[in-house]
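Colleague: My questions will all concern the structure given below.
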Number of protein chains: 2
Amino acid sequence: MDTQKLSTEELILEAAQAVFLEKGLAGARMQEIADRAGINKALLHYYFRSKEKLSALIIDRAIGVILPRVMAILETDQDLFDKIRQAVDQYLTFVSRNSFLPLFIVNEVNRNPQFFFRNVVAHEKPHLDKFRRQVDEAVAQGRIRPVSSAQLLMNMMSMLIFPFLGKPVFQVALGLSDADFEREMESRRIEVAEFIIRAIQV
Amino acid sequence: MDTQKLSTEELILEAAQAVFLEKGLAGARMQEIADRAGINKALLHYYFRSKEKLSALIIDRAIGVILPRVMAILETDQDLFDKIRQAVDQYLTFVSRNSFLPLFIVNEVNRNPQFFFRNVVAHEKPHLDKFRRQVDEAVAQGRIRPVSSAQLLMNMMSMLIFPFLGKPVFQVALGLSDADFEREMESRRIEVAEFIIRAIQV
DNA sequence: CCGTATCTTAACCAAATAGTTAAACCACCT
DNA sequence: AGGTGGTTTAACTATTTGGTTAAGATACGG
């Protein structure tokens with residue numbers, strides 16, 4: 001049946017994603033993926049011939065989930081400050097729910113940059129023209145301080161993603177329990193947005 | 001000879017560090033480490049019994065290099081704004097010269113948080129009291145806007161480290177050549193410092 | 001120069017792990 | 001009922017990889 005077939009395939013993909021994100025590409029074991037999907041290793045190879053092919057799919061999936069999300073938020077017609085507030089809010093929600101995703105992507109993209117370049121960019125070149133133009137215009141009109149859109153984008157993305165990557169370090173350095181950390185991330189929804197806006201406000 | 005002995009050991013450690021940082025813990029091969037050190041695999045095991053022991057050493061080394069550096073900058077007696085400017089400058093220099101180090105540490109620390117907690121913190125608990133108190137006082141005296149020192153620290157570290165982790169993505173998204181990217185990082189020395197200061201300035 | 005300790009290597013071993021095969025199972029169609 | 005195509009499994013193979021061994025260099029004190 002179609003539903004049954006898709007469900008098994010989906011099951012494997014979910015299991016594979018979980019294991020790859022937790023253990024990394026090299027650390028993931030086909031056996032563990034099979035176990036978590038509740039199937040046998042041979043079946044795994046029946047569906048997805050090799051570890052390489054499977055991992056390529058997962059990488060695509062991972063990037064395909066995160067990239068359009070960033071685009072969607074940054075390429076709307078909203079006012080710049082509203083956009084920043086919303087981007088921060090939405091992005092923090094997404095990343096805190098998928099905290100291993102950025103680590104996985106960052107790893108893969110650094111281990112194998114040309115793969116990322118070829119496969120992802122070929123499909124949908126991430127064009128941030130609207131956001132960049134919006135920033136440039138706001139600068140030209142003197143509505144915000146002179147700031148390069150590239151720098152602003154890096155600052156935003158950094159502050160949204162990195163705290164999750166460095167979570168264990170920050171927890172130790174700042175003496176935060178898990179609950180503390182979560183609270184801290186919660187207040188970032190407002191703090192980071194205001195931090196950015198104050199930094200660029202005239 | 002002592003110099004010869006040390007030199008071989010150092011040679012192995014350098015090779016091991018290079019391979020571990022490039023390939024990650026699970027992805028690193030003892031054979032490749034031996035090859036890069038120009039020696040044989042058996043000799044590798046002669047010096048450092050197992051992959052686990054070797055990797056533990058490299059992890060210690062890596063964290064031991066980066067942590068004191070952060071402390072040293074943040075725990076001086078300087079004026080807050082000067083400290084921020086200097087931290088940004090020094091940290092950017094260090095990270096751009098060791099761009100794989102943060103990725104390695106972030107990976108290791110997420111895969112195995114309790115290891116980090118036990119080994120590193122036991123030796124030298126990273127106390128950021130001086131920096132945090134400095135920020136709190138500046139807030140109390142109304143010299144800067146009300147900002148939590150934890151949030152400020154996260155923002156700083158994020159903007160300093162993450163661009164290097166996300167380098168390939170940023171290069172694609174912003175259309176930057178290697179030279180462009182380097183130039184961009186160069187201007188961050190001033191831009192990020194000013195960005196932070198403007199964000200917290202009254 | 002000889003003996004001894006340190007260093008170095010090729011060849012080997014065992015465990016882990018990706019991948020294959022061939023047979024059984026099962027749902028569905030006629 | 002029986003055939004058909006997709007699905008599932010146990011058992012097997014091949015390869016990779018961490019780790020060992022035993023023999024051979026090398027340096028050095030006596």
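Note on naming: chains are A, B, ... as they come in the structure tokens, residues start from 1 per chain, ligands start from 1 in the order shown.
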Show me, as a PDB file with N, CA and C atoms (P, O5', C5', C4', C3', O3' and C1' of nucleotides), in the first residue's frame, the residues of chain D whose atoms get within 12 Å of chain B, using only C-alpha atoms (C1' of nucleotides) for the distance check.
Modeller:
ATOM      1  P    DT D  16      38.138  -0.908   1.992  1.00  0.00           P
ATOM      2  O5'  DT D  16      38.002  -0.142   3.383  1.00  0.00           O
ATOM      3  C5'  DT D  16      36.697   0.025   3.936  1.00  0.00           C
ATOM      4  C4'  DT D  16      36.769   0.175   5.424  1.00  0.00           C
ATOM      5  C3'  DT D  16      37.953   1.004   5.942  1.00  0.00           C
ATOM      6  O3'  DT D  16      37.403   2.001   6.754  1.00  0.00           O
ATOM      7  C1'  DT D  16      37.742  -1.003   7.176  1.00  0.00           C
ATOM      8  P    DT D  17      38.240   3.249   7.313  1.00  0.00           P
ATOM      9  O5'  DT D  17      38.756   2.714   8.716  1.00  0.00           O
ATOM     10  C5'  DT D  17      37.808   2.322   9.681  1.00  0.00           C
ATOM     11  C4'  DT D  17      38.481   1.694  10.877  1.00  0.00           C
ATOM     12  C3'  DT D  17      39.839   2.334  11.249  1.00  0.00           C
ATOM     13  O3'  DT D  17      39.828   2.571  12.620  1.00  0.00           O
ATOM     14  C1'  DT D  17      40.008   0.013  11.222  1.00  0.00           C
ATOM     15  P    DG D  18      40.733   3.738  13.284  1.00  0.00           P
ATOM     16  O5'  DG D  18      40.995   3.145  14.732  1.00  0.00           O
ATOM     17  C5'  DG D  18      39.890   2.767  15.531  1.00  0.00           C
ATOM     18  C4'  DG D  18      40.290   1.633  16.442  1.00  0.00           C
ATOM     19  C3'  DG D  18      41.525   1.920  17.293  1.00  0.00           C
ATOM     20  O3'  DG D  18      41.268   1.467  18.620  1.00  0.00           O
ATOM     21  C1'  DG D  18      41.871  -0.050  15.993  1.00  0.00           C
ATOM     22  P    DG D  19      42.351   1.743  19.773  1.00  0.00           P
ATOM     23  O5'  DG D  19      43.265   0.450  19.653  1.00  0.00           O
ATOM     24  C5'  DG D  19      42.671  -0.821  19.964  1.00  0.00           C
ATOM     25  C4'  DG D  19      43.670  -1.918  19.694  1.00  0.00           C
ATOM     26  C3'  DG D  19      45.043  -1.747  20.368  1.00  0.00           C
ATOM     27  O3'  DG D  19      45.235  -2.824  21.271  1.00  0.00           O
ATOM     28  C1'  DG D  19      45.240  -2.489  18.124  1.00  0.00           C
ATOM     29  P    DT D  20      46.655  -2.995  22.060  1.00  0.00           P
ATOM     30  O5'  DT D  20      47.368  -4.127  21.210  1.00  0.00           O
ATOM     31  C5'  DT D  20      46.666  -5.340  20.970  1.00  0.00           C
ATOM     32  C4'  DT D  20      47.598  -6.380  20.380  1.00  0.00           C
ATOM     33  C3'  DT D  20      48.941  -6.548  21.095  1.00  0.00           C
ATOM     34  O3'  DT D  20      49.157  -7.945  21.286  1.00  0.00           O
ATOM     35  C1'  DT D  20      49.304  -6.160  18.775  1.00  0.00           C
ATOM     36  P    DT D  21      50.353  -8.438  22.227  1.00  0.00           P
ATOM     37  O5'  DT D  21      51.331  -9.180  21.209  1.00  0.00           O
ATOM     38  C5'  DT D  21      50.836  -9.563  19.938  1.00  0.00           C
ATOM     39  C4'  DT D  21      51.981 -10.030  19.049  1.00  0.00           C
ATOM     40  C3'  DT D  21      53.322 -10.192  19.759  1.00  0.00           C
ATOM     41  O3'  DT D  21      54.029 -11.277  19.197  1.00  0.00           O
ATOM     42  C1'  DT D  21      53.569  -8.643  18.038  1.00  0.00           C
ATOM     43  P    DT D  26      69.475   2.418  10.900  1.00  0.00           P
ATOM     44  O5'  DT D  26      69.500   3.379  12.158  1.00  0.00           O
ATOM     45  C5'  DT D  26      68.405   3.365  13.071  1.00  0.00           C
ATOM     46  C4'  DT D  26      68.850   3.919  14.417  1.00  0.00           C
ATOM     47  C3'  DT D  26      70.292   4.431  14.457  1.00  0.00           C
ATOM     48  O3'  DT D  26      70.263   5.737  14.970  1.00  0.00           O
ATOM     49  C1'  DT D  26      69.868   2.997  16.282  1.00  0.00           C
ATOM     50  P    DA D  27      71.557   6.679  14.933  1.00  0.00           P
ATOM     51  O5'  DA D  27      71.761   6.922  16.498  1.00  0.00           O
ATOM     52  C5'  DA D  27      70.636   7.205  17.313  1.00  0.00           C
ATOM     53  C4'  DA D  27      70.996   6.989  18.777  1.00  0.00           C
ATOM     54  C3'  DA D  27      72.347   7.564  19.189  1.00  0.00           C
ATOM     55  O3'  DA D  27      72.198   8.148  20.480  1.00  0.00           O
ATOM     56  C1'  DA D  27      72.256   5.298  19.762  1.00  0.00           C
ATOM     57  P    DC D  28      73.277   9.200  20.995  1.00  0.00           P
ATOM     58  O5'  DC D  28      73.484   8.699  22.472  1.00  0.00           O
ATOM     59  C5'  DC D  28      72.706   7.616  22.980  1.00  0.00           C
ATOM     60  C4'  DC D  28      73.512   6.796  23.982  1.00  0.00           C
ATOM     61  C3'  DC D  28      74.918   7.353  24.290  1.00  0.00           C
ATOM     62  O3'  DC D  28      75.171   7.198  25.676  1.00  0.00           O
ATOM     63  C1'  DC D  28      75.088   5.134  23.639  1.00  0.00           C
TER      64       DC D  28
END
Colleague: Residues of chain B within 9 Å of chain C, using only C-alpha atoms (C1' of nucleotides), as a PyMOL selection string?
Modeller: chain B and resi 39-40+42-43
Colleague: For those residues, write N, CA and C atoms to a file as a compact mmCIF listing (two decimals), in the first residue's frame.
Modeller:
# COMPACT_ATOMS: atom_id res chain seq x y z
N ILE B 39 55.07 8.68 10.22
CA ILE B 39 55.48 7.49 10.95
C ILE B 39 54.49 6.36 10.70
N ASN B 40 54.69 5.28 11.42
CA ASN B 40 53.91 4.09 11.25
C ASN B 40 52.85 3.99 12.36
N ALA B 42 51.95 1.62 14.25
CA ALA B 42 52.36 0.96 15.49
C ALA B 42 53.07 1.94 16.41
N LEU B 43 53.86 2.80 15.80
CA LEU B 43 54.57 3.79 16.61
C LEU B 43 53.58 4.74 17.28
Colleague: Which residues of chain B sit at most 6 Å from chain A, using only C-alpha atoms? Give each one's shortest atom pair and distance in Å (one decimal place), in chain and ascending residue order, as CSV.
Modeller:
residue,atom,partner,partner_atom,distance
B:Ala26,CA,A:Gly27,CA,5.2
B:Gly27,CA,A:Ala26,CA,5.1
B:Pro126,CA,A:Ala173,CA,5.6
B:Asn155,CA,A:Met159,CA,5.5
B:Ser158,CA,A:Ser158,CA,5.2
B:Met159,CA,A:Ser158,CA,5.3
B:Phe162,CA,A:Ser158,CA,5.3
B:Ala173,CA,A:Pro126,CA,5.6
B:Phe195,CA,A:Ala199,CA,5.3
B:Arg198,CA,A:Ala199,CA,4.8
B:Ala199,CA,A:Ala199,CA,4.0
Colleague: Which distance in Å separates atom CA of B:Val19 and atom CA of A:Ala16, to one decimal?
Modeller: 26.0 Å
Colleague: Any idea what's packed within 12 Å of B:Leu11, counting only C-alpha atoms (C1' of nucleotides), ignoring anything in its chain fewer than 3 positions away? Could you give it as a list in words?
Modeller: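 Listed by chain and then number, they are Thr3, Gln4, Lys5, Leu6, Ser7, Thr8, Glu14, Ala15, Ala16, Gln17, Ala18, Ile33, Ala34, Asp35, Arg36, Ala37, Gly38, Ile39, Leu44 and Tyr47 of chain B.
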Colleague: Mind checking DSSP for stretch 22-166 of chain A and telling me the helix (DSSP H, G or I) residues as a PyMOL selection string?
Modeller: chain A and resi 22-27+30-37+41-47+51-74+80-97+100-111+113-123+129-140+149-165
Colleague: Just want the 9 Å neighbourhood of A:Leu101, counted on only C-alpha atoms (C1' of nucleotides), with same-chain residues fewer than 6 positions away dropped. Output as a VMD selection string.
Modeller: chain A and resid 21 62 to 63 66 95
Colleague: Could you name the residues that touch A:Gln90 at 9 Å or less, counting only C-alpha atoms (C1' of nucleotides), but leaving out those on the same chain fewer than 5 positions away, as a list in words?
Modeller: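 Non-adjacent residues within range: Ile73, Arg85, Val95 and Arg189 of chain A.
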Colleague: Take atom CA of A:Glu186 and atom CA of B:Val135 and report the distance between them in Å, one decimal.
Modeller: 20.9 Å
